[in-house]
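S.K.: Just dropping this structure here.
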Amino acid sequence: MDLIRLKNVSKQYKNGVTAIYDLTLSIKKGSFVFVIGGSGSGKSTFIKMLYREEKPTSGEIYVGGVNVAKLRNKKVYKLRRKLGIVFQDYRLLPKLTVYENVAFTMEALGARRDETRKKVLRALELVGLKHKIHNYPDQLSGGEQQRVAIARAIVNEPRLLLCDEPTGNLDPDMSMEIMQVLDEINKTCGTTVIMATHDKEIVNRMKKEVIVLKDGRLIKHEEQGGYEE
């Protein structure tokens with residue numbers, strides 16, 4: 001069953017730059033997909049359109065049966081409640097502990113305290129940081145901070161996890177640690193993971209589904225692809 005469908009999607013920015021040209025593709029529920037390509041290929045725009053940070057200029061984008069391209073601005077928050085989003089920069093709140101950073105999402109949704117605690121501890125266990133709940137972000141390595149950011153993104157058990165260059169600030173060893181965490185979330189929770197990256201080594205080692213963009217155009221979509229230039 002398709003979780004995501006794009007039909008004839010194009011995106012032109014106000015400065016005249018076209019980031020995506022006539023993109024049509026579908027992604028199945030439970031997939032782990034890399035979106036790859038060089039700088040300016042359109043991969044970040046692709047991710048941003050899925051969570052409605054950007055609207056397509058034309059075409060249709062369905063996420064879980066909802067046409068997000070036509071979603072009213074005041075309803076975007078409902079879409080994002082069902083998504084987890086991880087960025088290159090961790091965006092942790094420096095004055096909150098690891099536990100508080102992850103709990104922040106649940107509190108914003110108005111969850112009960114007992115439910116919040118259960119889900120926060122489960123998310124931190126999944127990313128291997130249950131023993132660091134009282135630490136602050138500046139007491140963690142870059143890889144650990146990104147794992148907290150992932151826990152925060154999955155604490156509400158989203159069906160879809162969008163990752164925009166999540167290993168961009170990490171060394172190769174830490175990058176592979178993060179990939180193992182994302183792989184575990186995909187396999188254990190059945191969460192669909194879509195990750196934009198330009199890291200060839202990660203893509204070639206993980207052997208997952210691959211979407212290749214070049215200058216805003218889809219040039220390859222394979223179930224088990226690699227990164228070739």
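Here's how to read the names in the structure tokens: chain A, B, ... by the order shown, residue numbers from 1 in each chain, ligand numbers from 1 in the order shown.
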As a list in words, please: the residues near Val68 (chain A) (cut-off 9 Å, only C-alpha atoms, same-chain neighbours under 5 positions excluded).
M.R.: Met49, Leu50, Tyr51, Arg52, Lys55, Glu60, Ile61, Tyr62, Val63, Val76 and Leu79 of chain A
S.K.: Name the residues in contact with region 100-116 of chain A at a cut-off of 8 Å, using only C-alpha atoms, excluding same-chain residues fewer than 5 positions from it; report them as a VMD selection string.
M.R.: chain A and resid 92 to 93 148 to 149 151 to 152 155 to 156
S.K.: Run DSSP on the backbone and give me the residues of region 31-184 of chain A it puts in strand (DSSP E), as a list in words.
M.R.: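 Across region 31-184 of chain A, those assigned strand (DSSP E) are Phe32, Val33, Phe34, Val35, Ile36, Ser58, Gly59, Glu60, Ile61, Tyr62, Val63, Val66, Asn67, Leu83, Gly84, Ile85, Val86, Leu160, Leu161, Leu162, Cys163 and Asp164 of chain A.
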S.K.: Please provide as a short mmCIF file (atom, residue, chain, number, x, y, z; two decimals) with all heavy atoms, in the first residue's frame all residues within 9 Å of region 185-200 of chain A, with the sequence filter that same-chain residues fewer than 5 positions apart are discarded (counting only C-alpha atoms).
M.R.:
data_model
loop_
_atom_site.label_atom_id
_atom_site.label_comp_id
_atom_site.auth_asym_id
_atom_site.auth_seq_id
_atom_site.Cartn_x
_atom_site.Cartn_y
_atom_site.Cartn_z
N LEU A 3 2.05 4.87 0.87
CA LEU A 3 1.86 5.90 1.88
C LEU A 3 1.98 7.29 1.25
O LEU A 3 1.32 8.24 1.66
CB LEU A 3 2.91 5.74 2.99
CG LEU A 3 2.83 6.75 4.13
CD1 LEU A 3 1.54 6.56 4.94
CD2 LEU A 3 4.04 6.64 5.06
N ILE A 27 5.72 5.83 -2.85
CA ILE A 27 6.53 5.18 -1.82
C ILE A 27 5.59 4.34 -0.94
O ILE A 27 4.59 4.84 -0.44
CB ILE A 27 7.28 6.22 -0.97
CG1 ILE A 27 8.33 6.94 -1.84
CG2 ILE A 27 7.93 5.57 0.25
CD1 ILE A 27 8.97 8.14 -1.18
N LYS A 28 5.94 3.07 -0.79
CA LYS A 28 5.08 2.15 -0.03
C LYS A 28 5.24 2.35 1.48
O LYS A 28 6.30 2.74 1.96
CB LYS A 28 5.43 0.70 -0.39
CG LYS A 28 4.94 0.29 -1.77
CD LYS A 28 5.19 -1.19 -2.01
CE LYS A 28 4.52 -1.67 -3.29
NZ LYS A 28 4.97 -0.97 -4.48
N LYS A 29 4.16 2.04 2.18
CA LYS A 29 4.15 2.06 3.63
C LYS A 29 5.22 1.11 4.16
O LYS A 29 5.36 -0.01 3.65
CB LYS A 29 2.77 1.60 4.08
CG LYS A 29 2.43 1.83 5.52
CD LYS A 29 1.01 1.37 5.76
CE LYS A 29 0.69 1.39 7.24
NZ LYS A 29 -0.66 0.87 7.48
N GLY A 30 6.00 1.54 5.16
CA GLY A 30 7.01 0.69 5.77
C GLY A 30 8.35 0.67 5.04
O GLY A 30 9.26 -0.05 5.44
N SER A 31 8.48 1.47 3.98
CA SER A 31 9.74 1.52 3.22
C SER A 31 10.82 2.29 3.97
O SER A 31 10.53 3.09 4.87
CB SER A 31 9.52 2.21 1.87
OG SER A 31 8.54 1.56 1.11
N PHE A 32 12.07 2.06 3.55
CA PHE A 32 13.20 2.90 3.96
C PHE A 32 13.81 3.40 2.65
O PHE A 32 14.34 2.62 1.88
CB PHE A 32 14.23 2.09 4.76
CG PHE A 32 15.29 2.93 5.43
CD1 PHE A 32 15.50 2.83 6.79
CD2 PHE A 32 16.08 3.82 4.70
CE1 PHE A 32 16.47 3.59 7.43
CE2 PHE A 32 17.04 4.60 5.33
CZ PHE A 32 17.24 4.48 6.70
N VAL A 33 13.71 4.71 2.42
CA VAL A 33 14.08 5.27 1.12
C VAL A 33 15.13 6.37 1.27
O VAL A 33 14.95 7.30 2.08
CB VAL A 33 12.83 5.88 0.42
CG1 VAL A 33 13.18 6.36 -0.99
CG2 VAL A 33 11.69 4.88 0.37
N PHE A 34 16.19 6.27 0.49
CA PHE A 34 17.14 7.36 0.38
C PHE A 34 16.76 8.25 -0.80
O PHE A 34 16.47 7.74 -1.89
CB PHE A 34 18.56 6.84 0.15
CG PHE A 34 19.21 6.21 1.35
CD1 PHE A 34 19.50 4.86 1.37
CD2 PHE A 34 19.52 6.97 2.46
CE1 PHE A 34 20.10 4.28 2.47
CE2 PHE A 34 20.11 6.41 3.58
CZ PHE A 34 20.41 5.06 3.57
N VAL A 35 16.78 9.56 -0.58
CA VAL A 35 16.63 10.52 -1.67
C VAL A 35 18.00 11.16 -1.85
O VAL A 35 18.51 11.82 -0.94
CB VAL A 35 15.57 11.60 -1.34
CG1 VAL A 35 15.40 12.55 -2.52
CG2 VAL A 35 14.25 10.96 -0.97
N ILE A 36 18.61 10.87 -3.00
CA ILE A 36 20.01 11.29 -3.17
C ILE A 36 20.20 12.15 -4.42
O ILE A 36 19.36 12.19 -5.31
CB ILE A 36 20.95 10.07 -3.21
CG1 ILE A 36 20.60 9.13 -4.37
CG2 ILE A 36 20.91 9.31 -1.90
CD1 ILE A 36 21.52 7.92 -4.48
N GLY A 37 21.32 12.84 -4.41
CA GLY A 37 21.66 13.73 -5.50
C GLY A 37 22.59 14.80 -4.99
O GLY A 37 22.71 15.02 -3.79
N GLY A 38 23.27 15.46 -5.90
CA GLY A 38 24.21 16.51 -5.53
C GLY A 38 23.50 17.76 -5.04
O GLY A 38 22.27 17.82 -4.97
N SER A 39 24.30 18.77 -4.71
CA SER A 39 23.75 20.04 -4.27
C SER A 39 22.90 20.65 -5.39
O SER A 39 23.31 20.64 -6.55
CB SER A 39 24.92 20.98 -3.92
OG SER A 39 24.43 22.15 -3.38
N LYS A 43 16.56 17.60 -3.57
CA LYS A 43 16.17 16.64 -2.53
C LYS A 43 15.58 17.30 -1.29
O LYS A 43 14.62 16.80 -0.72
CB LYS A 43 17.31 15.67 -2.20
CG LYS A 43 18.61 16.29 -1.75
CD LYS A 43 19.70 15.24 -1.65
CE LYS A 43 20.97 15.78 -1.03
NZ LYS A 43 21.58 16.89 -1.79
N SER A 44 16.14 18.45 -0.87
CA SER A 44 15.58 19.13 0.30
C SER A 44 14.20 19.70 0.00
O SER A 44 13.30 19.65 0.85
CB SER A 44 16.51 20.26 0.78
OG SER A 44 17.53 19.73 1.60
N PHE A 46 12.09 18.39 -2.06
CA PHE A 46 11.22 17.21 -2.06
C PHE A 46 10.75 16.90 -0.63
O PHE A 46 9.57 16.72 -0.37
CB PHE A 46 11.99 16.03 -2.66
CG PHE A 46 11.29 14.70 -2.55
CD1 PHE A 46 10.24 14.39 -3.39
CD2 PHE A 46 11.68 13.76 -1.60
CE1 PHE A 46 9.58 13.15 -3.30
CE2 PHE A 46 11.04 12.54 -1.50
CZ PHE A 46 9.98 12.24 -2.35
N ILE A 47 11.70 16.85 0.31
CA ILE A 47 11.37 16.56 1.71
C ILE A 47 10.44 17.64 2.27
O ILE A 47 9.44 17.36 2.93
CB ILE A 47 12.66 16.46 2.57
CG1 ILE A 47 13.52 15.27 2.15
CG2 ILE A 47 12.31 16.39 4.06
CD1 ILE A 47 13.06 13.92 2.59
N LEU A 126 14.87 3.10 22.32
CA LEU A 126 15.07 2.76 20.90
C LEU A 126 16.34 3.37 20.34
O LEU A 126 17.01 2.76 19.50
CB LEU A 126 13.86 3.24 20.07
CG LEU A 126 12.78 2.21 19.77
CD1 LEU A 126 11.57 2.90 19.14
CD2 LEU A 126 13.28 1.11 18.84
N VAL A 127 16.67 4.58 20.78
CA VAL A 127 17.88 5.24 20.25
C VAL A 127 19.10 5.02 21.15
O VAL A 127 20.18 5.56 20.90
CB VAL A 127 17.66 6.77 20.04
CG1 VAL A 127 16.50 7.01 19.09
CG2 VAL A 127 17.44 7.51 21.36
N ILE A 154 10.25 10.60 16.99
CA ILE A 154 9.46 9.35 16.95
C ILE A 154 8.61 9.13 18.19
O ILE A 154 7.87 8.16 18.26
CB ILE A 154 10.37 8.11 16.74
CG1 ILE A 154 11.33 7.93 17.93
CG2 ILE A 154 11.10 8.19 15.41
CD1 ILE A 154 12.02 6.58 17.98
N GLU A 157 5.08 8.25 17.89
CA GLU A 157 4.86 7.06 17.05
C GLU A 157 4.29 7.44 15.66
O GLU A 157 3.22 6.98 15.27
CB GLU A 157 3.93 6.07 17.78
CG GLU A 157 4.54 5.58 19.07
CD GLU A 157 3.54 4.81 19.95
OE1 GLU A 157 2.37 4.70 19.58
OE2 GLU A 157 3.98 4.32 21.01
N PRO A 158 5.03 8.29 14.92
CA PRO A 158 4.55 8.70 13.61
C PRO A 158 4.64 7.56 12.59
O PRO A 158 5.46 6.65 12.73
CB PRO A 158 5.51 9.83 13.21
CG PRO A 158 6.79 9.46 13.90
CD PRO A 158 6.37 8.83 15.20
N ARG A 159 3.80 7.62 11.58
CA ARG A 159 3.86 6.62 10.51
C ARG A 159 5.01 6.92 9.56
O ARG A 159 5.49 6.04 8.85
CB ARG A 159 2.56 6.64 9.70
CG ARG A 159 1.36 6.12 10.46
CD ARG A 159 0.11 6.17 9.62
NE ARG A 159 -0.27 7.54 9.27
CZ ARG A 159 -1.18 7.87 8.38
NH1 ARG A 159 -1.82 6.94 7.72
NH2 ARG A 159 -1.48 9.13 8.14
N LEU A 160 5.44 8.19 9.54
CA LEU A 160 6.44 8.63 8.58
C LEU A 160 7.50 9.46 9.28
O LEU A 160 7.19 10.39 10.02
CB LEU A 160 5.75 9.47 7.49
CG LEU A 160 6.63 10.15 6.44
CD1 LEU A 160 7.42 9.13 5.63
CD2 LEU A 160 5.76 11.02 5.51
N LEU A 161 8.78 9.11 9.03
CA LEU A 161 9.91 9.85 9.59
C LEU A 161 10.69 10.44 8.42
O LEU A 161 11.21 9.71 7.57
CB LEU A 161 10.80 8.92 10.42
CG LEU A 161 12.00 9.54 11.13
CD1 LEU A 161 11.57 10.61 12.12
CD2 LEU A 161 12.82 8.46 11.85
N LEU A 162 10.76 11.78 8.37
CA LEU A 162 11.48 12.49 7.31
C LEU A 162 12.80 13.00 7.86
O LEU A 162 12.82 13.67 8.90
CB LEU A 162 10.64 13.67 6.80
CG LEU A 162 9.27 13.33 6.22
CD1 LEU A 162 8.47 14.60 5.95
CD2 LEU A 162 9.43 12.52 4.93
N CYS A 163 13.89 12.67 7.20
CA CYS A 163 15.22 13.05 7.67
C CYS A 163 15.95 13.83 6.57
O CYS A 163 16.19 13.29 5.50
CB CYS A 163 16.02 11.81 8.04
SG CYS A 163 15.18 10.68 9.17
N ASP A 164 16.28 15.08 6.86
CA ASP A 164 16.96 15.92 5.88
C ASP A 164 18.43 16.05 6.26
O ASP A 164 18.79 16.79 7.17
CB ASP A 164 16.29 17.30 5.81
CG ASP A 164 16.71 18.09 4.58
OD1 ASP A 164 17.54 17.59 3.80
OD2 ASP A 164 16.19 19.21 4.38
N GLU A 165 19.29 15.28 5.59
CA GLU A 165 20.75 15.26 5.85
C GLU A 165 21.05 15.06 7.35
O GLU A 165 21.82 15.81 7.93
CB GLU A 165 21.40 16.56 5.37
CG GLU A 165 21.22 16.86 3.89
CD GLU A 165 22.25 16.18 3.00
OE1 GLU A 165 23.07 15.40 3.52
OE2 GLU A 165 22.21 16.43 1.79
N PRO A 166 20.49 14.03 8.00
CA PRO A 166 20.66 13.90 9.46
C PRO A 166 22.09 13.58 9.89
O PRO A 166 22.42 13.73 11.06
CB PRO A 166 19.72 12.75 9.82
CG PRO A 166 19.64 11.92 8.57
CD PRO A 166 19.71 12.91 7.45
N THR A 167 22.93 13.11 8.96
CA THR A 167 24.31 12.79 9.33
C THR A 167 25.30 13.84 8.81
O THR A 167 26.50 13.65 8.88
CB THR A 167 24.70 11.41 8.75
OG1 THR A 167 24.57 11.45 7.32
CG2 THR A 167 23.81 10.31 9.30
N GLY A 168 24.76 14.95 8.30
CA GLY A 168 25.60 15.97 7.66
C GLY A 168 26.67 16.56 8.56
O GLY A 168 27.72 16.98 8.08
N GLN A 180 22.08 2.97 11.87
CA GLN A 180 21.61 1.74 12.54
C GLN A 180 20.37 2.03 13.39
O GLN A 180 19.45 1.22 13.45
CB GLN A 180 22.74 1.15 13.39
CG GLN A 180 23.77 0.42 12.53
CD GLN A 180 25.14 0.32 13.19
OE1 GLN A 180 25.32 0.69 14.34
NE2 GLN A 180 26.12 -0.16 12.43
N ARG A 205 26.33 1.27 1.56
CA ARG A 205 26.41 0.28 2.61
C ARG A 205 25.05 -0.23 3.07
O ARG A 205 24.88 -1.39 3.41
CB ARG A 205 27.18 0.84 3.83
CG ARG A 205 28.69 0.82 3.62
CD ARG A 205 29.42 1.45 4.77
NE ARG A 205 29.41 0.61 5.97
CZ ARG A 205 30.11 0.92 7.07
NH1 ARG A 205 30.83 2.01 7.13
NH2 ARG A 205 30.06 0.12 8.12
N GLY A 226 22.18 1.98 -5.43
CA GLY A 226 23.39 2.54 -4.86
C GLY A 226 23.53 3.97 -5.35
O GLY A 226 22.65 4.51 -6.01
N TYR A 227 24.65 4.57 -5.02
CA TYR A 227 24.92 5.95 -5.41
C TYR A 227 26.01 5.97 -6.44
O TYR A 227 27.15 5.66 -6.16
CB TYR A 227 25.33 6.75 -4.17
CG TYR A 227 25.26 8.26 -4.33
CD1 TYR A 227 24.98 9.06 -3.23
CD2 TYR A 227 25.47 8.88 -5.55
CE1 TYR A 227 24.90 10.43 -3.34
CE2 TYR A 227 25.40 10.25 -5.67
CZ TYR A 227 25.12 11.02 -4.58
OH TYR A 227 25.04 12.39 -4.68
N GLU A 228 25.66 6.30 -7.66
CA GLU A 228 26.66 6.47 -8.72
C GLU A 228 26.51 7.86 -9.29
O GLU A 228 25.42 8.39 -9.36
CB GLU A 228 26.42 5.46 -9.85
CG GLU A 228 26.52 4.02 -9.43
CD GLU A 228 25.81 3.11 -10.39
OE1 GLU A 228 25.52 3.53 -11.52
OE2 GLU A 228 25.52 1.97 -10.01
#
S.K.: Which residues are near Pro172 (chain A)? Cut-off 9 Å, only C-alpha atoms, ignore same chain within fewer than 5 positions. Put them as a CSV table (one decimal) with N, CA and C atoms, in the first residue's frame.
M.R.:
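Contents of part_15.csv, freshly written:
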chain,number,residue,atom,x,y,z
A,167,THR,N,22.9,13.1,9.0
A,167,THR,CA,24.3,12.8,9.3
A,167,THR,C,25.3,13.8,8.8
A,177,GLU,N,26.3,4.9,13.1
A,177,GLU,CA,25.5,4.7,14.3
A,177,GLU,C,24.1,5.2,14.1
A,201,GLU,N,28.7,6.8,0.7
A,201,GLU,CA,29.1,5.6,1.5
A,201,GLU,C,27.9,5.0,2.3
A,202,ILE,N,27.2,5.8,2.9
A,202,ILE,CA,26.0,5.4,3.7
A,202,ILE,C,25.0,4.6,2.7
S.K.: For the alpha helix (DSSP H) assignment from backbone DSSP, which residues of region 122-188 of chain A qualify? Please present them as a count of residues only.
M.R.: 35
S.K.: What gap, in Å, lies between CA of Arg147 (chain A) and CA of Leu83 (chain A)?
M.R.: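 Taking CA of Arg147 (chain A) as the start and CA of Leu83 (chain A) as the end point, the length is 16.8 Å.
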S.K.: Restricting the calculation to only C-alpha atoms, which member of A:Lys11, A:Lys207, A:Lys132, A:Lys48 is positioned closest to Phe87 (chain A)?
M.R.: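 Once distances to Phe87 (chain A) are computed over only C-alpha atoms, the minimum belongs to A:Lys48.
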